[in-house]
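**Q** Structure below; questions to follow.
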Amino acid sequence: MNGQETIRVEISDHKRIGRLADRAFSILGLFATTVGLAVLLVLLIDVFIDGYPRLGWDFLTQYPSRKPENAGILSAWVGTAWLMVLTALIAFPLGVASATYLEEYGRKSWLTGFIEINIANLAGVPSIIYGLLGLGLFVRGLNLGRSVLAGAATLAILVLPIVILASRESIRAIPASIREASYALGASKWQTIRHQVLPAAMPGILTGTILAMSRAIGETAPLITIGALTYVAFVPTPPVSLEPPFIHPQGLFDAFTALPIQVFNWVSRPQKAFSINAAAGIIILLIITFVMNGIAVYLRHRYQKKIRW
Amino acid sequence: MDAAFHVQKLNVFYGKKQALRDVNMEIPAKAVTAVIGPSGCGKSTFVRCLNRMNDLVPGFRVEGSILYQGKDIYSRGMDVIDVRRKIGMVFQKPNPFPKSIYENIAYGLRIQGVKNKEKIDTVVEESLKKAAIWEEVKDRLPQSALSLSGGQQQRLCIARALAVAPEVLLLDEPTSAIDPIATGRIEELLRELKESYTIVIVTHNMQQAARISDITGFFLMGELVEFDPTSRMFTNPKDSRTEDYITGRFG
């Protein structure tokens, strides 16, 4: 074998090894993906088999009870609905306003840099810390008590960094040419933001907010920390009603429970029947989460299809 | 010819970099002024000074003065929003808002607080007619402006600029991103518009400058080398650098 041939053989060996590595990695990758999915699937099937028999109208319309067959999740899902609506009402305006300030108004300075780094850090803080903050600030400091409002405020602070980051990214994606077009027509900065930037960024902002909410919906630790009850045989006063005085803000200050707390409570009981209830509660919680994520995916999809710069 | 702009000793800096040097220019009213020159010569910077679009660029600084109708647009008492409303602009890449065709035109009126639906309808129709695109879009006003072709989008942008009744129209290479047929239509349009508007157009295309402009400025490395009636500049340039550029020896 002369030199040239040796090189040729080496190259073909090298190619063969390359192809093998390629193949090995794709199998490894597939395996890794399957493990994650399979575990999730097994979990879902298991929960579904356990909880399915308990699902039904009764389950949704009954208060918790000492007798597992009578125990339902009425107070829990109403509490969760309350929490989600209030959390969104608090987190959305605060998050969008902060993002708008940081992207559009805040000059690059050490202060905005400092704020930016800390927002990114806050997104990674364990949720129980937010619970302690909520306990100190909202329950005791602002004297809101163990109310729906205190819970929602705590969850809002918890998801605020996510909403801010998603909103900023979405605002940043609006091309400069759109802003220029608006300014060139004699629009002020605020008009440009209000009429062009924010509407164009809104699908992205909404997607981020919904994903943040689907994180908030599963949070248990911070709610327990602020003292949400685990056994609640009433629902918070609805905010509006058909009889005078129509509006009932006192509902905001009622005690509450939420789905994950109810599930946690049932899981920790010894009776088998309660763990069936827990499984059914988990199914409901999962359905709500999947629906929320579905809406987020739908919005993102529509946004990508509709707008091409 | 009456001058719309008197540009005097204009020096422009981006941070430490100087983009324009001692530019003096008298831009005639109701005529087409072309601004030509190789890439990076400062021609875009120059037109973007005329309606203060450069204010948005960080580090931008201006010396000297630009008088529009006798008033310095960079003086302290000048309202930049007013300046931009009177001096409209069309950009290189068509940039319609991601809204309906109708809303694209109506936006300029809405931000001025015009609420009367009939008034807006009238202006939308008039502007689209002036920009010679009405026939193509009159049946699809509620559709997204992004569904139009590039050439149509650019005429829509011209219509949008006309809707706020400006006195001047600045165009920054308006045809460089669209096909020759659409370019022809826009050139034709500009010839009509100069009856009522002062037009300043930046162009890469020397033939375009020769076809549509009355007077041409040639920029090189931030300096205004020559500023003469187009017919003279393209037949008998004074400066040898101008001659080199327009005969295609560089640039």
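Just remember, in the structure tokens the first chain shown is A, the second B, etc., residues are 1-based per chain, and ligands are 1-based in the order shown.
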Residues of chain B no more than 6 Å from chain A, counting only C-alpha atoms: send them over as a PyMOL selection string.
**A** chain B and resi 81+84-85+89+108
**Q** Generate the output file for the selected residues, N, CA, C and O atoms, as a PDB file, in the first residue's frame.
**A**
ATOM      1  N   ILE B  81     -43.094  66.673  16.362  1.00  0.00           N
ATOM      2  CA  ILE B  81     -44.276  65.983  15.816  1.00  0.00           C
ATOM      3  C   ILE B  81     -44.862  66.786  14.655  1.00  0.00           C
ATOM      4  O   ILE B  81     -45.259  66.241  13.627  1.00  0.00           O
ATOM      5  N   ARG B  84     -42.631  66.426  11.572  1.00  0.00           N
ATOM      6  CA  ARG B  84     -42.805  65.157  10.855  1.00  0.00           C
ATOM      7  C   ARG B  84     -44.156  65.073  10.162  1.00  0.00           C
ATOM      8  O   ARG B  84     -44.302  64.376   9.174  1.00  0.00           O
ATOM      9  N   ARG B  85     -45.144  65.773  10.697  1.00  0.00           N
ATOM     10  CA  ARG B  85     -46.436  65.736  10.034  1.00  0.00           C
ATOM     11  C   ARG B  85     -46.401  66.548   8.736  1.00  0.00           C
ATOM     12  O   ARG B  85     -47.015  66.194   7.746  1.00  0.00           O
ATOM     13  N   MET B  89     -42.507  60.942   5.084  1.00  0.00           N
ATOM     14  CA  MET B  89     -41.383  60.129   4.636  1.00  0.00           C
ATOM     15  C   MET B  89     -41.836  58.745   4.181  1.00  0.00           C
ATOM     16  O   MET B  89     -42.746  58.150   4.745  1.00  0.00           O
ATOM     17  N   GLY B 108     -52.821  57.961  10.467  1.00  0.00           N
ATOM     18  CA  GLY B 108     -52.281  59.316  10.575  1.00  0.00           C
ATOM     19  C   GLY B 108     -53.325  60.331  11.014  1.00  0.00           C
ATOM     20  O   GLY B 108     -53.012  61.284  11.743  1.00  0.00           O
TER      21      GLY B 108
END
**Q** Can you pull out every residue from region 4-198 of chain A that DSSP, working from the backbone, puts in alpha helix (DSSP H), and format the result as an MDAnalysis selection string?
**A** chainID A and resid 4:51 57:61 74:100 110:122 127:134 148:172 176:184 189:192 198
**Q** Report, in Å with one decimal, the straight-line distance from CA of Lys138 (chain B) to CA of Gln153 (chain B).
**A**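 Rounded to one decimal, the two atoms are 14.1 Å apart.
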**Q** In region 21-243 of chain B, what's strand (DSSP E) per DSSP? Answer as a ChimeraX atom specification?
**A** /B:21-28,32-36,60-68,71-72,87-90,168-172,198-202,215-220,223-229
**Q** Those residues you just picked out, can you put them in a file as a PDB file, in the first residue's frame with C-alpha atoms?
**A**
ATOM      1  CA  ARG B  21     -19.588  67.779   6.573  1.00  0.00           C
ATOM      2  CA  ASP B  22     -20.551  71.385   5.961  1.00  0.00           C
ATOM      3  CA  VAL B  23     -23.507  70.687   3.729  1.00  0.00           C
ATOM      4  CA  ASN B  24     -25.157  73.751   2.210  1.00  0.00           C
ATOM      5  CA  MET B  25     -28.194  73.232   0.031  1.00  0.00           C
ATOM      6  CA  GLU B  26     -31.288  75.068  -1.086  1.00  0.00           C
ATOM      7  CA  ILE B  27     -34.046  72.579  -1.829  1.00  0.00           C
ATOM      8  CA  PRO B  28     -36.647  74.055  -4.202  1.00  0.00           C
ATOM      9  CA  VAL B  32     -38.160  66.823  -7.331  1.00  0.00           C
ATOM     10  CA  THR B  33     -34.727  66.953  -5.761  1.00  0.00           C
ATOM     11  CA  ALA B  34     -32.648  63.805  -6.197  1.00  0.00           C
ATOM     12  CA  VAL B  35     -29.865  62.861  -3.804  1.00  0.00           C
ATOM     13  CA  ILE B  36     -27.313  60.457  -5.254  1.00  0.00           C
ATOM     14  CA  PHE B  60     -26.923  61.452  16.886  1.00  0.00           C
ATOM     15  CA  ARG B  61     -25.790  65.096  17.022  1.00  0.00           C
ATOM     16  CA  VAL B  62     -26.338  67.926  14.590  1.00  0.00           C
ATOM     17  CA  GLU B  63     -24.626  71.275  14.029  1.00  0.00           C
ATOM     18  CA  GLY B  64     -25.604  74.064  11.673  1.00  0.00           C
ATOM     19  CA  SER B  65     -29.187  74.708  10.686  1.00  0.00           C
ATOM     20  CA  ILE B  66     -31.970  73.452   8.462  1.00  0.00           C
ATOM     21  CA  LEU B  67     -34.507  76.176   7.790  1.00  0.00           C
ATOM     22  CA  TYR B  68     -37.879  75.017   6.601  1.00  0.00           C
ATOM     23  CA  LYS B  71     -37.678  78.353  10.646  1.00  0.00           C
ATOM     24  CA  ASP B  72     -34.928  76.118  11.952  1.00  0.00           C
ATOM     25  CA  ILE B  87     -42.606  66.592   6.169  1.00  0.00           C
ATOM     26  CA  GLY B  88     -43.653  63.046   5.373  1.00  0.00           C
ATOM     27  CA  MET B  89     -41.383  60.129   4.636  1.00  0.00           C
ATOM     28  CA  VAL B  90     -41.397  56.904   2.634  1.00  0.00           C
ATOM     29  CA  VAL B 168     -42.930  67.730   1.667  1.00  0.00           C
ATOM     30  CA  LEU B 169     -42.395  64.092   0.790  1.00  0.00           C
ATOM     31  CA  LEU B 170     -39.027  62.524   1.556  1.00  0.00           C
ATOM     32  CA  LEU B 171     -38.330  59.198  -0.135  1.00  0.00           C
ATOM     33  CA  ASP B 172     -35.365  57.102   0.927  1.00  0.00           C
ATOM     34  CA  THR B 198     -41.886  69.282  -2.526  1.00  0.00           C
ATOM     35  CA  ILE B 199     -40.167  65.967  -3.146  1.00  0.00           C
ATOM     36  CA  VAL B 200     -36.728  64.824  -2.070  1.00  0.00           C
ATOM     37  CA  ILE B 201     -35.714  61.379  -3.242  1.00  0.00           C
ATOM     38  CA  VAL B 202     -32.607  59.411  -2.387  1.00  0.00           C
ATOM     39  CA  ILE B 215     -32.197  69.145  -9.459  1.00  0.00           C
ATOM     40  CA  THR B 216     -29.629  66.696  -8.143  1.00  0.00           C
ATOM     41  CA  GLY B 217     -27.191  66.646  -5.242  1.00  0.00           C
ATOM     42  CA  PHE B 218     -24.174  64.345  -5.379  1.00  0.00           C
ATOM     43  CA  PHE B 219     -22.782  63.261  -2.019  1.00  0.00           C
ATOM     44  CA  LEU B 220     -19.391  61.672  -1.455  1.00  0.00           C
ATOM     45  CA  GLU B 223     -19.758  66.034   1.590  1.00  0.00           C
ATOM     46  CA  LEU B 224     -22.030  67.604  -0.958  1.00  0.00           C
ATOM     47  CA  VAL B 225     -19.775  67.578  -4.015  1.00  0.00           C
ATOM     48  CA  GLU B 226     -22.150  69.079  -6.504  1.00  0.00           C
ATOM     49  CA  PHE B 227     -25.679  70.435  -6.511  1.00  0.00           C
ATOM     50  CA  ASP B 228     -27.024  71.444  -9.894  1.00  0.00           C
ATOM     51  CA  PRO B 229     -30.026  71.146 -12.173  1.00  0.00           C
TER      52      PRO B 229
END
**Q** Would you kindly return, as a tab-separated table (two decimals) with N, CA, C and O atoms, in the first residue's frame, each protein, DNA or RNA residue with an atom no farther than 12 Å from any atom of Pro93 (chain A), considering only C-alpha atoms and excluding same-chain residues fewer than 3 positions away?
**A**
chain	number	residue	atom	x	y	z
A	86	LEU	N	-57.83	36.91	39.28
A	86	LEU	CA	-57.20	38.02	39.99
A	86	LEU	C	-55.70	38.11	39.68
A	86	LEU	O	-55.16	39.19	39.48
A	87	THR	N	-55.06	36.94	39.64
A	87	THR	CA	-53.62	36.93	39.35
A	87	THR	C	-53.35	37.56	37.98
A	87	THR	O	-52.46	38.40	37.82
A	88	ALA	N	-54.17	37.16	37.00
A	88	ALA	CA	-53.99	37.73	35.65
A	88	ALA	C	-54.23	39.23	35.68
A	88	ALA	O	-53.48	40.01	35.07
A	89	LEU	N	-55.28	39.66	36.41
A	89	LEU	CA	-55.59	41.09	36.46
A	89	LEU	C	-54.46	41.90	37.09
A	89	LEU	O	-54.25	43.05	36.75
A	90	ILE	N	-53.75	41.27	38.03
A	90	ILE	CA	-52.64	41.99	38.67
A	90	ILE	C	-51.37	41.88	37.82
A	90	ILE	O	-50.70	42.87	37.54
A	96	VAL	N	-46.79	44.03	31.62
A	96	VAL	CA	-46.70	44.71	30.33
A	96	VAL	C	-46.14	46.11	30.51
A	96	VAL	O	-45.30	46.58	29.72
A	97	ALA	N	-46.57	46.78	31.59
A	97	ALA	CA	-46.06	48.13	31.83
A	97	ALA	C	-44.56	48.09	32.10
A	97	ALA	O	-43.80	48.91	31.56
A	98	SER	N	-44.11	47.13	32.91
A	98	SER	CA	-42.66	47.04	33.18
A	98	SER	C	-41.89	46.75	31.91
A	98	SER	O	-40.85	47.37	31.65
A	99	ALA	N	-42.40	45.81	31.12
A	99	ALA	CA	-41.71	45.44	29.89
A	99	ALA	C	-41.64	46.63	28.95
A	99	ALA	O	-40.60	46.90	28.33
A	100	THR	N	-42.75	47.37	28.83
A	100	THR	CA	-42.78	48.54	27.96
A	100	THR	C	-41.76	49.57	28.44
A	100	THR	O	-41.01	50.14	27.64
A	101	TYR	N	-41.73	49.79	29.75
A	101	TYR	CA	-40.76	50.75	30.27
A	101	TYR	C	-39.34	50.31	29.94
A	101	TYR	O	-38.55	51.08	29.39
A	156	ALA	N	-49.26	36.54	41.66
A	156	ALA	CA	-48.94	37.54	40.63
A	156	ALA	C	-47.47	37.92	40.69
A	156	ALA	O	-46.79	38.01	39.66
A	160	LEU	N	-44.79	37.32	37.75
A	160	LEU	CA	-44.46	38.60	37.13
A	160	LEU	C	-43.18	38.54	36.28
A	160	LEU	O	-43.18	39.03	35.15
A	163	VAL	N	-43.95	36.98	32.96
A	163	VAL	CA	-44.75	37.87	32.09
A	163	VAL	C	-43.86	38.98	31.53
A	163	VAL	O	-43.92	39.29	30.34
A	164	ILE	N	-43.00	39.53	32.38
A	164	ILE	CA	-42.14	40.62	31.92
A	164	ILE	C	-41.18	40.13	30.83
A	164	ILE	O	-41.05	40.76	29.78
A	167	SER	N	-43.06	39.46	27.60
A	167	SER	CA	-43.53	40.70	26.98
A	167	SER	C	-42.37	41.46	26.35
A	167	SER	O	-42.49	42.01	25.26
A	205	ILE	N	-47.38	38.54	23.92
A	205	ILE	CA	-47.54	38.88	25.34
A	205	ILE	C	-48.59	37.96	25.96
A	205	ILE	O	-48.41	37.43	27.06
A	206	LEU	N	-49.70	37.75	25.23
A	206	LEU	CA	-50.77	36.89	25.76
A	206	LEU	C	-50.28	35.46	25.93
A	206	LEU	O	-50.56	34.81	26.94
A	209	THR	N	-48.26	35.30	28.97
A	209	THR	CA	-49.07	35.43	30.18
A	209	THR	C	-49.82	34.14	30.48
A	209	THR	O	-49.88	33.70	31.63
**Q** Could you work out how far CA of Ile283 (chain A) lies from CA of Phe264 (chain A), giving the answer in Å with one decimal?
**A** 13.5 Å
